[in-house]
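K.L.:
Compact mmCIF, C-alpha atoms, file start-v2.txt:
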# COMPACT_ATOMS: atom_id res chain seq x y z
CA LEU W 270 0.00 0.00 0.00
CA ALA W 271 1.20 3.48 -0.83
CA LYS W 272 2.10 5.58 2.15
CA ARG W 273 -0.26 8.37 2.98
CA GLN W 274 1.29 11.65 1.96
CA LYS W 275 1.86 14.00 4.84
CA PRO W 276 0.39 17.48 4.50
CA ASN W 277 2.86 20.13 3.50
CA LEU W 278 2.84 22.64 6.36
CA ASP W 279 4.30 25.25 4.04
CA ASP W 280 1.04 25.24 2.06
CA ARG W 281 -1.18 26.25 4.97
CA GLY W 282 -0.80 29.95 4.36
CA MET W 283 -1.02 29.86 0.59
CA MET W 284 -3.73 32.06 -0.89
CA ASP W 285 -6.45 30.58 -3.05
CA LEU W 286 -5.87 32.85 -6.05
CA PRO W 287 -9.17 32.16 -7.92
CA PHE W 288 -11.09 32.85 -4.71
CA LEU W 289 -9.15 36.07 -4.12
CA ILE W 290 -9.87 37.22 -7.69
CA LEU W 291 -13.58 36.40 -7.28
CA VAL W 292 -13.89 38.29 -3.99
CA THR W 293 -11.99 41.27 -5.39
CA LEU W 294 -14.26 41.31 -8.43
CA LEU W 295 -17.40 41.20 -6.29
CA VAL W 296 -16.14 43.99 -4.03
CA THR W 297 -15.26 46.11 -7.06
CA ILE W 298 -18.69 45.59 -8.64
CA GLY W 299 -20.33 46.45 -5.32
CA LEU W 300 -18.34 49.69 -5.04
CA VAL W 301 -19.28 50.69 -8.58
CA MET W 302 -22.94 50.04 -7.85
CA MET W 303 -22.62 51.97 -4.59
CA PHE W 304 -21.18 54.99 -6.41
CA SER W 305 -23.85 54.81 -9.11
CA ALA W 306 -26.68 54.69 -6.58
CA SER W 307 -25.36 57.21 -4.04
CA PHE W 308 -23.37 59.98 -5.71
CA VAL W 309 -26.38 62.32 -6.17
CA ARG W 310 -27.54 61.85 -2.57
CA ALA W 311 -23.97 62.20 -1.27
CA ARG W 312 -23.49 65.46 -3.14
CA TYR W 313 -26.82 66.80 -1.89
CA GLU W 314 -26.23 65.81 1.75
CA THR W 315 -22.48 66.36 2.13
CA GLY W 316 -21.30 68.29 -0.91
CA ASN W 317 -18.96 65.42 -1.77
CA PRO W 318 -20.37 62.99 -4.38
CA LEU W 319 -17.73 60.42 -3.38
CA TYR W 320 -18.60 60.44 0.34
CA TYR W 321 -20.46 57.11 0.50
CA PHE W 322 -18.18 55.53 -2.10
CA ILE W 323 -15.03 56.37 -0.10
CA ARG W 324 -16.64 55.26 3.14
CA GLN W 325 -17.64 51.91 1.67
CA ALA W 326 -14.24 51.50 -0.02
CA VAL W 327 -12.55 51.88 3.38
CA PHE W 328 -14.82 49.21 4.87
CA GLY W 329 -14.14 47.00 1.84
CA GLY W 330 -10.41 47.41 2.30
CA ILE W 331 -10.67 46.51 5.99
CA GLY W 332 -12.72 43.44 5.07
CA MET W 333 -10.18 42.33 2.45
CA ALA W 334 -7.34 42.76 4.95
CA ALA W 335 -9.26 40.76 7.55
CA MET W 336 -9.86 38.02 4.96
CA LEU W 337 -6.15 37.82 4.13
CA ILE W 338 -5.21 37.64 7.81
CA ALA W 339 -7.87 35.02 8.58
CA GLY W 340 -6.70 32.97 5.58
CA ARG W 341 -3.28 32.55 7.16
CA LEU W 342 -4.63 31.30 10.49
CA ASP W 343 -4.97 27.64 11.35
CA CYS W 344 -8.65 26.82 10.73
CA HIS W 345 -8.78 24.85 13.98
CA ILE W 346 -8.67 28.08 15.95
CA TRP W 347 -12.24 28.77 14.81
CA GLN W 348 -13.28 25.31 15.94
CA ARG W 349 -11.68 25.88 19.33
CA PHE W 350 -13.69 29.06 19.91
CA ALA W 351 -16.83 28.07 17.97
CA ARG W 352 -19.07 27.84 21.04
CA VAL W 353 -17.86 31.17 22.40
CA ILE W 354 -18.39 32.91 19.04
CA TYR W 355 -21.86 31.37 18.77
CA ALA W 356 -22.80 32.44 22.31
CA VAL W 357 -21.60 36.00 21.66
CA SER W 358 -23.66 36.15 18.46
CA LEU W 359 -26.80 35.11 20.37
CA LEU W 360 -26.17 37.80 22.98
CA LEU W 361 -25.79 40.40 20.22
CA LEU W 362 -29.01 39.25 18.55
CA VAL W 363 -30.85 39.54 21.86
CA GLY W 364 -29.22 42.89 22.55
CA VAL W 365 -30.33 44.42 19.26
CA LEU W 366 -33.96 43.81 20.26
CA PHE W 367 -33.52 46.09 23.29
CA VAL W 368 -30.80 48.61 22.42
CA GLY W 369 -30.79 48.35 18.64
CA VAL W 370 -31.15 51.24 16.24
CA SER W 371 -34.29 51.32 14.08
CA ALA W 372 -34.31 52.32 10.42
CA GLY W 373 -36.81 51.68 7.65
CA GLY W 374 -39.26 50.04 10.04
CA ALA W 375 -36.78 47.42 11.26
CA LYS W 376 -34.45 47.19 14.25
CA ARG W 377 -31.32 45.42 12.99
CA TRP W 378 -28.36 47.57 13.99
CA ILE W 379 -26.27 48.20 17.09
CA GLU W 380 -24.36 51.46 17.22
CA ILE W 381 -20.96 51.63 18.94
CA GLY W 382 -18.71 54.66 18.75
CA GLY W 383 -20.79 56.21 16.00
CA GLN W 384 -20.54 53.10 13.81
CA ARG W 385 -23.40 50.71 13.17
CA PHE W 386 -23.22 47.00 12.50
CA GLN W 387 -25.74 44.23 12.09
CA PRO W 388 -25.45 41.38 14.64
CA SER W 389 -27.00 39.11 11.99
CA GLU W 390 -23.73 39.37 10.05
CA VAL W 391 -21.82 38.13 13.10
CA ALA W 392 -24.43 35.38 13.48
CA LYS W 393 -23.79 34.08 9.95
CA PHE W 394 -20.12 33.51 10.71
CA ALA W 395 -20.86 32.16 14.19
CA LEU W 396 -23.43 29.67 12.91
CA ILE W 397 -21.01 28.34 10.30
CA CYS W 398 -18.30 27.88 12.94
CA GLN W 399 -20.67 26.18 15.37
CA MET W 400 -22.22 23.81 12.83
CA ALA W 401 -18.82 22.92 11.34
CA ASP W 402 -17.59 22.08 14.83
CA MET W 403 -20.65 19.92 15.45
CA VAL W 404 -20.25 18.10 12.12
CA SER W 405 -16.65 17.37 13.07
CA ARG W 406 -17.60 16.06 16.53
CA TYR W 407 -20.71 14.12 15.43
CA ARG W 408 -19.47 12.89 12.04
CA GLU W 409 -20.22 9.26 12.91
CA LYS W 410 -23.69 10.12 14.27
CA MET W 411 -24.96 12.73 11.82
CA ALA W 412 -27.36 10.26 10.20
CA GLN W 413 -29.16 9.88 13.55
CA PHE W 414 -32.18 12.11 14.11
CA SER W 415 -31.04 13.27 17.55
CA TYR W 416 -27.74 14.55 16.17
CA GLY W 417 -28.24 15.40 12.51
CA VAL W 418 -31.62 17.07 13.02
CA VAL W 419 -32.35 17.94 16.66
CA ARG W 420 -28.94 19.28 17.66
CA MET W 421 -27.95 20.78 14.31
CA GLY W 422 -31.42 22.18 13.74
CA GLY W 423 -31.55 23.54 17.25
CA VAL W 424 -28.50 25.79 16.87
CA MET W 425 -29.87 27.00 13.54
CA LEU W 426 -33.37 27.75 14.85
CA ALA W 427 -32.04 29.70 17.82
CA VAL W 428 -30.33 32.13 15.46
CA VAL W 429 -33.09 32.21 12.85
CA ALA W 430 -35.79 32.89 15.47
CA LEU W 431 -33.92 35.92 16.81
CA VAL W 432 -33.20 37.24 13.32
CA ALA W 433 -36.87 36.78 12.42
CA LEU W 434 -37.77 39.20 15.22
CA GLU W 435 -35.66 41.81 13.42
CA LYS W 436 -37.80 41.38 10.29
CA HIS W 437 -34.71 40.50 8.25
CA LEU W 438 -35.90 38.07 5.58
CA SER W 439 -32.72 38.05 3.46
CA ALA W 440 -30.59 37.10 6.47
CA ILE W 441 -33.06 34.34 7.40
CA MET W 442 -32.82 32.89 3.89
CA ILE W 443 -29.02 32.96 3.91
CA LEU W 444 -28.81 31.40 7.37
CA GLY W 445 -31.33 28.71 6.42
CA ILE W 446 -29.70 27.78 3.12
CA VAL W 447 -26.19 27.66 4.57
CA SER W 448 -27.37 25.56 7.52
CA VAL W 449 -29.23 23.03 5.38
CA VAL W 450 -26.25 22.67 3.04
CA MET W 451 -23.93 22.07 6.00
CA MET W 452 -26.33 19.50 7.44
CA TYR W 453 -26.52 17.73 4.08
CA VAL W 454 -22.74 17.69 3.62
CA GLY W 455 -22.32 16.63 7.24
CA GLY W 456 -24.45 13.54 6.72
CA THR W 457 -28.00 14.38 7.85
CA ASP W 458 -30.52 11.99 6.31
CA LYS W 459 -31.89 13.35 3.02
CA LYS W 460 -35.51 12.88 4.05
CA TRP W 461 -35.06 15.40 6.85
CA ILE W 462 -33.39 17.80 4.43
CA LEU W 463 -36.42 17.61 2.14
CA LEU W 464 -38.73 18.14 5.12
CA ALA W 465 -36.68 21.20 6.08
CA PHE W 466 -37.23 22.71 2.63
CA GLY W 467 -40.97 22.10 2.98
CA ILE W 468 -41.10 23.78 6.39
CA ALA W 469 -39.01 26.67 5.05
CA ALA W 470 -41.48 27.19 2.20
CA VAL W 471 -44.41 27.36 4.63
CA PHE W 472 -42.48 29.71 6.92
CA PHE W 473 -41.67 31.99 3.99
CA VAL W 474 -45.33 32.28 2.98
CA VAL W 475 -46.45 32.98 6.55
CA TYR W 476 -43.60 35.41 7.29
CA VAL W 477 -44.15 37.64 4.26
CA ALA W 478 -47.95 37.52 4.42
Could I get this structure in the form of structure tokens?
P.N.:
Amino acid sequence: LAKRQKPNLDDRGMMDLPFLILVTLLVTIGLVMMFSASFVRARYETGNPLYYFIRQAVFGGIGMAAMLIAGRLDCHIWQRFARVIYAVSLLLLVGVLFVGVSAGGAKRWIEIGGQRFQPSEVAKFALICQMADMVSRYREKMAQFSYGVVRMGGVMLAVVALVALEKHLSAIMILGIVSVVMMYVGGTDKKWILLAFGIAAVFFVVYVA
């Protein structure tokens, strides 16, 4: 039998070039769309038609830098702190219901130091970390209902329920789709995956009605 090839530790920090190009392209398109949609309002409100564009470009640059730094970290660090990250995201989602900032008829933002952020964005990352950790720990039991559905579905529903109170349909859809895909890849029985899609369809109709 051929010997199993040991992983090359020098490759851990290598950048996925196609992924980097794709992300850069998406950020660039987003900035162009931002400028197209906001330059008139920016000029009217601030006198600088590039105000919102520059502001968003700075945030985009910070995000790209964070991505590059995170890409060089050992992925197991996220698994080690998955439960903590998930717990913090739940606290933020609860907090936004009480101290959140309202806009457009929805309360989705928390303001700190003059800057606003959506806890639902933190929840997306936290849910992925938590479910990935659970798939890793329960990989031999994921086909069982108590693990692949009850436990995995429970961590998803806790987040989705809190986001639903914010009236944030797009975030609910993203969280639901990502969770179901992770459950499927992790080994949850397909019949429960199909049932989840059916329940999601009913929820969607009721939620938007």
K.L.:
So, with only C-alpha atoms as the atoms that count, which of W:Ile331, W:Cys398, W:Ile446, W:Ala372 lies closest to Ala465 in chain W?
P.N.:
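Counting only C-alpha atoms, the residue closest to Ala465 in chain W is W:Ile446.
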K.L.:
Check the smallest atom-to-atom distance from each of W:Arg406, W:Gly423, W:Ser389, W:Glu380 to Met442 in chain W using only C-alpha atoms, then report the winner.
P.N.:
W:Ser389
K.L.:
Identify which of the residues W:Ile462, W:Ile443, W:Leu361, W:Leu295 lies closest to Leu431 in chain W, counting all atoms listed in the file when measuring atom-to-atom distances.
P.N.:
W:Leu361
K.L.:
Dig up all the protein and nucleic acid residues within 12 Å of (-29.9, 47.6, 23.0) in the file frame, using all atoms listed in the file, and format them as a PyMOL selection string.
P.N.:
chain W and resi 360-371+376-381+388
K.L.:
One number please: CA of Met451 in chain W to CA of Met400 in chain W, in Å, one decimal.
P.N.:
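Separating CA of Met451 in chain W from CA of Met400 in chain W is a distance of 7.3 Å.
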K.L.:
One decimal, Å: what's the distance from CA of Ile354 in chain W over to CA of Val391 in chain W, could you say?
P.N.:
8.6 Å
K.L.:
Would you please work out which residue, of W:Ser305, W:Gln387, W:Ser358, W:Thr315, is nearest to Glu435 in chain W when using only C-alpha atoms?
P.N.:
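Going through W:Ser305, W:Gln387, W:Ser358, W:Thr315 one by one, the smallest distance to Glu435 in chain W is for W:Gln387.
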K.L.:
Under the rule that all atoms listed in the file are counted, which of W:Met452, W:Ala392, W:Val447, W:Val474 is the nearest residue to Tyr416 in chain W?
P.N.:
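That would be W:Met452, the residue with the smallest distance to Tyr416 in chain W.
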K.L.:
Using only the atoms of range 470-475 of chain W listed in the file, plus 5 Å on each side, state the axis-aligned box centre and edge lengths in Å rounded to one decimal, as AutoDock Vina command-line options.
P.N.:
--center_x -44.0 --center_y 30.1 --center_z 4.6 --size_x 15.0 --size_y 15.8 --size_z 14.7
K.L.:
Between W:Leu289, W:Leu438, W:Met425, W:Val449, which one has atoms that come closest to Leu463 in chain W, using only C-alpha atoms?
P.N.:
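Answer, going by the shortest atom-to-atom distance: W:Val449.
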K.L.:
Determine, counting only C-alpha atoms, which protein, DNA and RNA residues have an atom within 8 Å of an atom of Val429 in chain W; residues of the same chain fewer than 2 positions away are not included. Present the result as a list in words.
P.N.:
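Near Val429 in chain W, the qualifying residues are Met425, Leu426, Ala427, Leu431, Val432, Ala433, Ile441, Leu444 and Gly445 of chain W.
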K.L.:
When you draw a straight line from CA of Asp343 in chain W to CA of Val424 in chain W, how long is it in Å?
P.N.:
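Taking CA of Asp343 in chain W and CA of Val424 in chain W, their separation equals 24.2 Å.
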K.L.:
Find the residues around Leu337 in chain W up to 12 Å (all atoms listed in the file counted), leave out those fewer than 4 positions away in its own chain, and share them as a list in words.
P.N.:
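Those residues are Gly282, Met283, Met284, Asp285, Leu286, Phe288, Leu289, Val292, Thr293, Gly330, Ile331, Gly332, Met333, Arg341 and Leu342 of chain W.
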K.L.:
Please provide as a list in words all residues within 10 Å of Val309 in chain W, with the sequence filter that same-chain residues fewer than 6 positions apart are discarded (counting only C-alpha atoms).
P.N.:
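Skipping anything fewer than 6 positions along the chain leaves Gly316, Asn317, Pro318 and Leu319 of chain W.
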